[in-house]
file start10.txt (compact mmCIF, C-alpha atoms and all ligand atoms)
# COMPACT_ATOMS: atom_id res chain seq x y z
CA MET R 1184 0.41 8.89 0.98
CA LEU R 1185 0.91 11.73 3.37
CA LEU R 1186 2.61 14.64 1.69
CA PRO R 1187 3.68 14.28 -1.91
CA ARG R 1188 6.93 16.11 -2.42
CA LYS R 1189 9.63 16.64 -5.03
CA SER R 1190 8.95 16.63 -8.74
CA VAL R 1191 8.77 13.47 -10.84
CA VAL R 1192 12.17 11.78 -10.76
CA LEU R 1193 12.95 8.97 -13.19
CA LYS R 1194 15.17 6.13 -12.02
CA SER R 1195 18.14 4.77 -13.96
CA ALA R 1196 18.58 1.07 -14.72
CA SER R 1197 21.06 0.75 -11.87
CA GLU R 1198 18.69 2.48 -9.45
CA LEU R 1199 15.93 0.08 -10.50
CA LYS R 1200 18.26 -2.81 -9.80
CA ARG R 1201 18.91 -1.47 -6.29
CA MET R 1202 15.19 -0.93 -5.72
CA ARG R 1203 14.52 -4.45 -6.89
CA ALA R 1204 16.90 -5.75 -4.24
CA GLY R 1205 15.18 -3.64 -1.58
CA GLY R 1206 11.78 -4.65 -2.88
CA ALA R 1207 12.68 -8.34 -2.63
CA ILE R 1208 13.60 -7.86 1.04
CA LEU R 1209 10.40 -5.93 1.65
CA LYS R 1210 8.28 -8.62 0.01
CA ARG R 1211 9.94 -11.26 2.19
CA VAL R 1212 9.31 -9.21 5.35
CA VAL R 1213 5.68 -8.46 4.53
CA ASP R 1214 4.94 -12.08 3.54
CA HIS R 1215 6.60 -13.38 6.70
CA VAL R 1216 4.66 -11.01 8.96
CA ALA R 1217 1.40 -11.72 7.11
CA GLY R 1218 2.03 -15.42 7.75
CA LEU R 1219 2.11 -14.79 11.51
CA VAL R 1220 -1.37 -13.27 11.55
CA ARG R 1221 -3.80 -15.39 13.59
CA PRO R 1222 -6.28 -14.88 16.41
CA GLY R 1223 -4.46 -13.97 19.65
CA VAL R 1224 -1.49 -12.18 18.04
CA THR R 1225 -1.04 -8.47 18.80
CA THR R 1226 -0.18 -5.94 16.15
CA ALA R 1227 2.83 -4.88 18.27
CA GLU R 1228 4.18 -8.44 18.00
CA LEU R 1229 3.91 -8.20 14.21
CA ASP R 1230 5.78 -4.90 14.29
CA GLU R 1231 8.59 -6.35 16.43
CA VAL R 1232 9.13 -9.18 13.95
CA ALA R 1233 9.08 -6.80 10.97
CA HIS R 1234 11.57 -4.50 12.67
CA ARG R 1235 13.98 -7.37 13.39
CA LEU R 1236 13.73 -8.88 9.89
CA ILE R 1237 14.33 -5.52 8.20
CA LEU R 1238 17.47 -4.88 10.25
CA GLU R 1239 18.74 -8.45 9.75
CA ALA R 1240 18.43 -7.93 5.99
CA GLY R 1241 20.63 -4.83 6.18
CA ALA R 1242 17.75 -2.45 5.46
CA THR R 1243 16.24 0.41 7.46
CA PRO R 1244 12.59 0.58 8.53
CA ALA R 1245 11.42 3.80 6.92
CA CYS R 1246 8.02 4.16 8.60
CA LEU R 1247 9.76 4.35 11.98
CA GLY R 1248 10.25 8.04 12.70
CA TYR R 1249 8.58 9.15 9.47
CA HIS R 1250 6.88 12.40 10.56
CA GLY R 1251 7.11 10.82 14.02
CA PHE R 1252 5.37 7.52 13.17
CA PRO R 1253 6.27 5.20 16.08
CA ALA R 1254 6.63 1.78 14.39
CA SER R 1255 8.19 -0.11 11.47
CA ILE R 1256 4.88 -1.18 9.93
CA CYS R 1257 1.37 0.21 9.79
CA THR R 1258 -1.26 -2.26 10.99
CA SER R 1259 -4.81 -1.25 10.08
CA VAL R 1260 -7.63 -3.45 11.38
CA ASN R 1261 -11.20 -3.67 9.97
CA ALA R 1262 -12.56 -0.10 9.56
CA GLU R 1263 -9.01 1.25 9.78
CA ILE R 1264 -7.88 2.01 6.24
CA VAL R 1265 -4.21 2.95 6.55
CA HIS R 1266 -1.58 4.22 9.01
CA GLY R 1267 -2.79 2.20 12.00
CA ILE R 1268 -0.26 2.13 14.83
CA PRO R 1269 0.81 -1.30 16.11
CA SER R 1270 -0.36 -1.77 19.70
CA HIS R 1271 -1.32 -4.35 22.29
CA ARG R 1272 -4.59 -4.83 20.42
CA VAL R 1273 -5.20 -8.56 20.12
CA LEU R 1274 -6.34 -9.71 16.68
CA GLN R 1275 -9.64 -11.60 16.78
CA GLU R 1276 -11.07 -14.30 14.57
CA GLY R 1277 -12.95 -12.56 11.75
CA ASP R 1278 -10.80 -9.41 11.67
CA ILE R 1279 -8.89 -8.27 8.61
CA VAL R 1280 -5.55 -6.52 9.06
CA SER R 1281 -3.41 -4.63 6.60
CA ILE R 1282 0.36 -4.79 6.97
CA ASP R 1283 2.00 -1.81 5.27
CA CYS R 1284 5.75 -1.31 5.27
CA VAL R 1285 8.32 0.98 3.71
CA LEU R 1286 12.01 0.23 3.83
CA LEU R 1287 15.17 2.00 2.81
CA TYR R 1288 17.79 -0.18 1.18
CA ASP R 1289 20.93 0.92 -0.59
CA GLY R 1290 19.69 4.53 -0.48
CA LEU R 1291 16.28 3.91 -2.04
CA TYR R 1292 12.76 3.39 -0.66
CA THR R 1293 10.24 0.70 -1.56
CA ASP R 1294 6.67 0.44 -0.27
CA MET R 1295 4.31 -2.54 -0.01
CA ALA R 1296 1.09 -3.56 1.74
CA VAL R 1297 -1.20 -6.57 1.96
CA THR R 1298 -4.44 -7.16 3.82
CA VAL R 1299 -4.92 -10.57 5.36
CA PRO R 1300 -7.70 -12.42 7.18
CA VAL R 1301 -7.47 -13.31 10.87
CA GLY R 1302 -8.76 -16.87 11.01
CA ARG R 1303 -12.13 -17.33 9.35
CA ILE R 1304 -13.69 -14.14 7.97
CA SER R 1305 -17.10 -13.24 6.56
CA HIS R 1306 -17.95 -13.79 2.93
CA GLU R 1307 -18.14 -10.01 2.46
CA ALA R 1308 -14.64 -9.53 3.91
CA GLN R 1309 -13.29 -12.26 1.62
CA THR R 1310 -14.81 -10.52 -1.39
CA LEU R 1311 -13.37 -7.17 -0.27
CA LEU R 1312 -9.86 -8.64 -0.04
CA ARG R 1313 -10.14 -10.40 -3.38
CA VAL R 1314 -11.52 -7.38 -5.25
CA THR R 1315 -8.98 -4.97 -3.75
CA LYS R 1316 -6.11 -7.28 -4.67
CA GLU R 1317 -7.49 -7.78 -8.18
CA SER R 1318 -7.84 -4.00 -8.59
CA LEU R 1319 -4.12 -3.64 -7.82
CA GLN R 1320 -3.26 -6.31 -10.39
CA ARG R 1321 -5.37 -4.54 -13.00
CA ALA R 1322 -3.78 -1.20 -12.15
CA ILE R 1323 -0.27 -2.65 -12.45
CA LYS R 1324 -1.04 -3.77 -16.03
CA GLN R 1325 -1.55 -0.10 -16.93
CA ALA R 1326 1.95 0.87 -15.74
CA ARG R 1327 3.52 0.97 -19.20
CA PRO R 1328 4.94 3.71 -21.42
CA GLY R 1329 2.24 5.60 -23.30
CA ARG R 1330 -0.42 5.18 -20.62
CA TYR R 1331 -1.30 7.90 -18.12
CA VAL R 1332 -1.57 7.97 -14.35
CA GLY R 1333 -5.33 8.35 -14.90
CA ASP R 1334 -5.41 4.94 -16.62
CA ILE R 1335 -4.10 3.36 -13.42
CA SER R 1336 -6.70 5.23 -11.38
CA VAL R 1337 -9.53 4.15 -13.67
CA ALA R 1338 -8.43 0.49 -13.60
CA VAL R 1339 -8.80 0.46 -9.81
CA GLN R 1340 -12.02 2.45 -9.68
CA ARG R 1341 -13.84 0.42 -12.35
CA HIS R 1342 -13.10 -2.92 -10.77
CA VAL R 1343 -13.92 -1.78 -7.24
CA GLU R 1344 -17.16 -0.01 -8.11
CA ALA R 1345 -18.30 -2.90 -10.31
CA HIS R 1346 -18.43 -4.90 -7.08
CA GLY R 1347 -20.34 -2.20 -5.20
CA PHE R 1348 -17.38 -1.12 -3.05
CA SER R 1349 -15.89 2.39 -2.77
CA VAL R 1350 -12.40 3.68 -3.44
CA ILE R 1351 -10.99 5.91 -0.74
CA ARG R 1352 -10.60 9.37 -2.27
CA GLU R 1353 -8.71 11.25 0.39
CA TYR R 1354 -5.47 9.25 0.14
CA ALA R 1355 -3.48 8.12 -2.86
CA GLY R 1356 -0.52 6.16 -4.11
CA HIS R 1357 2.63 8.07 -5.04
CA GLY R 1358 5.99 8.09 -6.73
CA VAL R 1359 8.66 6.41 -4.58
CA GLY R 1360 12.43 5.92 -4.55
CA HIS R 1361 14.60 8.79 -3.40
CA ALA R 1362 11.86 9.72 -0.93
CA VAL R 1363 8.97 7.76 0.56
CA HIS R 1364 6.50 10.05 -1.18
CA GLU R 1365 7.39 11.58 -4.53
CA GLU R 1366 5.32 12.99 -7.33
CA PRO R 1367 3.04 12.04 -8.94
CA ALA R 1368 0.05 11.26 -6.73
CA VAL R 1369 -1.72 8.11 -7.95
CA PHE R 1370 -5.37 8.38 -6.99
CA ASN R 1371 -7.62 5.34 -7.06
CA PHE R 1372 -10.30 7.17 -9.03
CA GLY R 1373 -10.07 9.35 -12.09
CA LEU R 1374 -10.40 9.55 -15.83
CA PRO R 1375 -8.63 7.73 -18.68
CA LYS R 1376 -5.71 9.53 -20.36
CA ARG R 1377 -5.54 12.19 -17.63
CA GLY R 1378 -2.64 13.12 -15.42
CA PRO R 1379 1.05 12.59 -16.10
CA LEU R 1380 2.16 10.43 -19.03
CA LEU R 1381 3.97 7.28 -17.89
CA CYS R 1382 7.50 6.85 -19.14
CA PRO R 1383 10.30 4.37 -18.54
CA GLY R 1384 12.06 4.88 -15.21
CA LEU R 1385 8.99 6.16 -13.39
CA VAL R 1386 8.45 4.21 -10.16
CA LEU R 1387 5.04 4.27 -8.51
CA ALA R 1388 3.63 2.93 -5.27
CA ILE R 1389 0.19 1.84 -6.47
CA GLU R 1390 -2.10 1.30 -3.52
CA PRO R 1391 -5.83 0.74 -3.81
CA MET R 1392 -7.62 1.53 -0.53
CA VAL R 1393 -11.16 0.23 -0.68
CA SER R 1394 -14.14 0.22 1.66
CA VAL R 1395 -17.36 -1.73 1.74
CA GLY R 1396 -19.36 1.42 2.53
CA ASN R 1397 -18.71 5.00 1.53
CA TRP R 1398 -15.30 6.59 1.01
CA LYS R 1399 -15.34 9.25 3.74
CA THR R 1400 -12.45 9.10 6.17
CA ARG R 1401 -11.33 10.58 9.45
CA VAL R 1402 -8.13 10.40 11.48
CA LEU R 1403 -8.30 9.06 15.05
CA GLU R 1404 -7.04 11.02 18.08
CA ASP R 1405 -3.67 9.25 17.78
CA GLY R 1406 -3.05 11.57 14.81
CA TRP R 1407 -2.36 8.66 12.44
CA THR R 1408 -5.00 5.99 12.10
CA VAL R 1409 -7.28 6.68 9.13
CA VAL R 1410 -10.73 5.08 9.48
CA THR R 1411 -13.94 4.97 7.48
CA THR R 1412 -16.48 7.36 9.00
CA ASP R 1413 -19.28 4.81 8.50
CA GLY R 1414 -17.31 2.08 10.31
CA SER R 1415 -17.30 -0.15 7.24
CA LEU R 1416 -14.52 -2.63 6.54
CA SER R 1417 -11.57 -1.45 4.49
CA ALA R 1418 -8.73 -3.18 2.66
CA HIS R 1419 -5.42 -2.00 1.23
CA PHE R 1420 -2.91 -3.65 -1.11
CA GLU R 1421 0.22 -1.98 -2.43
CA HIS R 1422 3.18 -2.71 -4.69
CA THR R 1423 6.13 -0.63 -5.84
CA VAL R 1424 6.07 -0.79 -9.64
CA ALA R 1425 8.54 0.49 -12.23
CA VAL R 1426 7.41 1.56 -15.69
CA THR R 1427 9.89 0.02 -18.17
CA GLU R 1428 10.17 -0.30 -21.95
CA ASN R 1429 9.00 -3.89 -21.49
CA GLY R 1430 5.97 -2.93 -19.40
CA PRO R 1431 5.37 -2.96 -15.65
CA LEU R 1432 8.08 -4.36 -13.39
CA VAL R 1433 6.89 -5.10 -9.85
CA LEU R 1434 9.86 -4.29 -7.63
CA THR R 1435 8.22 -5.75 -4.52
CA ALA R 1436 7.94 -9.23 -6.04
N1 LIG R 1501 2.57 3.09 2.62
C1 LIG R 1501 2.25 4.15 3.53
C2 LIG R 1501 2.03 5.42 2.75
O1 LIG R 1501 2.36 5.49 1.59
C3 LIG R 1501 3.32 4.23 4.59
C4 LIG R 1501 3.72 5.58 5.05
S1 LIG R 1501 4.94 5.57 6.26
C5 LIG R 1501 4.15 5.85 7.73
O2 LIG R 1501 1.47 6.37 3.25
F1 LIG R 1501 4.95 6.51 8.47
F2 LIG R 1501 3.01 6.48 7.57
F3 LIG R 1501 3.94 4.70 8.27
CO CO R 1502 2.50 4.06 -0.01
call {"tool": "encode", "arguments": {"input": "start10.txt", "output": "structure tokens", "more": "lines below"}}
Ligand code: MF3
Ligand code: CO
result
Amino acid sequence: MLLPRKSVVLKSASELKRMRAGGAILKRVVDHVAGLVRPGVTTAELDEVAHRLILEAGATPACLGYHGFPASICTSVNAEIVHGIPSHRVLQEGDIVSIDCVLLYDGLYTDMAVTVPVGRISHEAQTLLRVTKESLQRAIKQARPGRYVGDISVAVQRHVEAHGFSVIREYAGHGVGHAVHEEPAVFNFGLPKRGPLLCPGLVLAIEPMVSVGNWKTRVLEDGWTVVTTDGSLSAHFEHTVAVTENGPLVLTA
């Protein structure tokens, strides 16, 4: 999340249907690009493929030009947490890389990220990826009417800290749909039953950002790339999730 804006906007059933279509495209793009990750590939090559696939699907890459961001995906390697800029950096065996993408389809935005291994990775990196992904799954289960944003936050924090990792505190998930970043902010730490009450039609980008070390961050000189100050590995998974009468509906599935 960069700048949360607008108040909470609920989505109608037909808007959810449109976001589901966009989310399906986004999921396909992210999975395809993640499947190309291997030692020797550059992050710019991944971006080129994402850009082409998004356009071929009739969608618009929403990261490109967002506050001047220069690419269609964010690629964040190792100690980079989020908002890494694709470049001629060559991925190396043992790296982890997050692929984060937002697209605009039929007038609505969806947001998704995964972190994937480059070749063989350390045991610690494997655990980091698994725990971060599990924390997202646990958080998604909380996205139902009657729960609070704080319940989502707590679900992430508990799981992550139980494994001795840290949740990044200076960035958060967010509402999404009519804009890339809408209210409410969805922090990855908090307290049960705090924050806005979840109700049907609310759509959230839930995005645990987790580091092996502490949670302090800084932004590199490129003005975008957020890194851990202690240089520790970081992972990021994200889905766009609608709160419905029947419980959570993952739109990027
Ligand atoms: N998923 C990221 C976020 O919520 C993508 C933002 S768009 C970018 O912050 F321009 F920063 F890439
Ligand atoms: Co996001």
call {"tool": "residues_near_ligand", "arguments": {"input": "start10.txt", "ligand": "ligand CO 1502 (chain R)", "cutoff": "9 Å", "atoms": "all atoms listed in the file", "output": "count of residues only"}}
result
23
call {"tool": "residues_around", "arguments": {"input": "start10.txt", "residues": "region 1217-1233 of chain R", "least_positions_apart": "5", "cutoff": "6 Å", "atoms": "all atoms listed in the file", "output": "tab-separated table (two decimals) with C-alpha atoms, in the frame of the given file"}}
result
chain	number	residue	atom	x	y	z
R	1256	ILE	CA	4.88	-1.18	9.93
R	1269	PRO	CA	0.81	-1.30	16.11
R	1270	SER	CA	-0.36	-1.77	19.70
R	1271	HIS	CA	-1.32	-4.35	22.29
R	1272	ARG	CA	-4.59	-4.83	20.42
R	1273	VAL	CA	-5.20	-8.56	20.12
R	1274	LEU	CA	-6.34	-9.71	16.68
R	1275	GLN	CA	-9.64	-11.60	16.78
R	1276	GLU	CA	-11.07	-14.30	14.57
R	1301	VAL	CA	-7.47	-13.31	10.87
R	1302	GLY	CA	-8.76	-16.87	11.01
call {"tool": "closest_residue", "arguments": {"input": "start10.txt", "among": "R:Tyr1288, R:Tyr1249, R:Tyr1354, R:Trp1398", "to": "ligand LIG 1501 (chain R)", "atoms": "only C-alpha atoms and all ligand atoms"}}
result
R:Tyr1249
call {"tool": "closest_residue", "arguments": {"input": "start10.txt", "among": "R:His1342, R:Arg1321, R:His1266, R:His1419", "to": "ligand LIG 1501 (chain R)", "atoms": "only C-alpha atoms and all ligand atoms"}}
result
R:His1266
call {"tool": "residues_near_point", "arguments": {"input": "start10.txt", "point": "(8.1, 2.0, -18.0)", "cutoff": "12 Å", "atoms": "all atoms listed in the file", "output": "PyMOL selection string"}}
result
chain R and resi 1193-1196+1199+1323-1332+1380-1387+1424-1433
call {"tool": "build_atoms", "arguments": {"input": "start10.txt", "residues": "region 1228-1239 of chain R", "atoms": "all heavy atoms", "output": "short mmCIF file (atom, residue, chain, number, x, y, z; two decimals), in the frame of the given file"}}
result
data_model
loop_
_atom_site.label_atom_id
_atom_site.label_comp_id
_atom_site.auth_asym_id
_atom_site.auth_seq_id
_atom_site.Cartn_x
_atom_site.Cartn_y
_atom_site.Cartn_z
N GLU R 1228 3.32 -7.27 18.24
CA GLU R 1228 4.18 -8.44 18.00
C GLU R 1228 4.57 -8.50 16.52
O GLU R 1228 5.72 -8.81 16.19
CB GLU R 1228 3.47 -9.73 18.42
CG GLU R 1228 3.39 -9.90 19.93
CD GLU R 1228 2.37 -10.96 20.40
OE1 GLU R 1228 1.61 -11.52 19.57
OE2 GLU R 1228 2.33 -11.20 21.61
N LEU R 1229 3.62 -8.20 15.65
CA LEU R 1229 3.91 -8.20 14.21
C LEU R 1229 4.97 -7.15 13.89
O LEU R 1229 5.89 -7.38 13.09
CB LEU R 1229 2.64 -7.94 13.40
CG LEU R 1229 1.50 -8.95 13.58
CD1 LEU R 1229 0.27 -8.49 12.79
CD2 LEU R 1229 1.93 -10.35 13.16
N ASP R 1230 4.83 -5.99 14.52
CA ASP R 1230 5.78 -4.90 14.29
C ASP R 1230 7.19 -5.28 14.75
O ASP R 1230 8.17 -4.99 14.06
CB ASP R 1230 5.29 -3.65 15.02
CG ASP R 1230 6.27 -2.50 14.87
OD1 ASP R 1230 6.58 -2.14 13.71
OD2 ASP R 1230 6.76 -1.99 15.89
N GLU R 1231 7.27 -5.94 15.91
CA GLU R 1231 8.59 -6.35 16.43
C GLU R 1231 9.30 -7.28 15.45
O GLU R 1231 10.50 -7.14 15.20
CB GLU R 1231 8.43 -7.11 17.76
CG GLU R 1231 8.33 -6.20 18.97
CD GLU R 1231 7.85 -6.98 20.19
OE1 GLU R 1231 8.19 -8.18 20.32
OE2 GLU R 1231 7.10 -6.39 20.98
N VAL R 1232 8.54 -8.23 14.90
CA VAL R 1232 9.13 -9.18 13.95
C VAL R 1232 9.58 -8.44 12.69
O VAL R 1232 10.70 -8.65 12.20
CB VAL R 1232 8.13 -10.31 13.60
CG1 VAL R 1232 8.69 -11.19 12.48
CG2 VAL R 1232 7.80 -11.13 14.83
N ALA R 1233 8.72 -7.56 12.18
CA ALA R 1233 9.08 -6.80 10.97
C ALA R 1233 10.36 -6.00 11.20
O ALA R 1233 11.28 -6.02 10.37
CB ALA R 1233 7.93 -5.86 10.58
N HIS R 1234 10.41 -5.33 12.34
CA HIS R 1234 11.57 -4.50 12.67
C HIS R 1234 12.85 -5.34 12.65
O HIS R 1234 13.85 -4.97 12.02
CB HIS R 1234 11.36 -3.86 14.05
CG HIS R 1234 12.44 -2.92 14.43
ND1 HIS R 1234 12.46 -1.60 14.04
CD2 HIS R 1234 13.58 -3.10 15.14
CE1 HIS R 1234 13.55 -1.02 14.50
NE2 HIS R 1234 14.24 -1.91 15.18
N ARG R 1235 12.80 -6.50 13.31
CA ARG R 1235 13.98 -7.37 13.39
C ARG R 1235 14.38 -7.88 12.01
O ARG R 1235 15.56 -7.83 11.63
CB ARG R 1235 13.65 -8.55 14.33
CG ARG R 1235 14.79 -9.54 14.50
CD ARG R 1235 14.50 -10.58 15.59
NE ARG R 1235 13.23 -11.29 15.42
CZ ARG R 1235 13.03 -12.26 14.53
NH1 ARG R 1235 14.01 -12.63 13.70
NH2 ARG R 1235 11.86 -12.86 14.45
N LEU R 1236 13.41 -8.33 11.22
CA LEU R 1236 13.73 -8.88 9.89
C LEU R 1236 14.34 -7.82 8.97
O LEU R 1236 15.25 -8.11 8.19
CB LEU R 1236 12.48 -9.47 9.23
CG LEU R 1236 11.88 -10.72 9.89
CD1 LEU R 1236 10.59 -11.13 9.18
CD2 LEU R 1236 12.89 -11.87 9.87
N ILE R 1237 13.82 -6.61 9.05
CA ILE R 1237 14.33 -5.52 8.20
C ILE R 1237 15.79 -5.25 8.54
O ILE R 1237 16.65 -5.16 7.65
CB ILE R 1237 13.48 -4.25 8.37
CG1 ILE R 1237 12.07 -4.47 7.80
CG2 ILE R 1237 14.15 -3.05 7.68
CD1 ILE R 1237 11.06 -3.39 8.21
N LEU R 1238 16.09 -5.16 9.84
CA LEU R 1238 17.47 -4.88 10.25
C LEU R 1238 18.39 -6.04 9.88
O LEU R 1238 19.50 -5.83 9.38
CB LEU R 1238 17.54 -4.61 11.76
CG LEU R 1238 16.83 -3.34 12.23
CD1 LEU R 1238 16.99 -3.18 13.74
CD2 LEU R 1238 17.35 -2.10 11.51
N GLU R 1239 17.92 -7.27 10.08
CA GLU R 1239 18.74 -8.45 9.75
C GLU R 1239 19.08 -8.49 8.27
O GLU R 1239 20.12 -9.02 7.89
CB GLU R 1239 17.99 -9.75 10.13
CG GLU R 1239 18.09 -10.07 11.60
CD GLU R 1239 17.22 -11.27 12.02
OE1 GLU R 1239 16.65 -11.94 11.12
OE2 GLU R 1239 17.10 -11.49 13.23
#
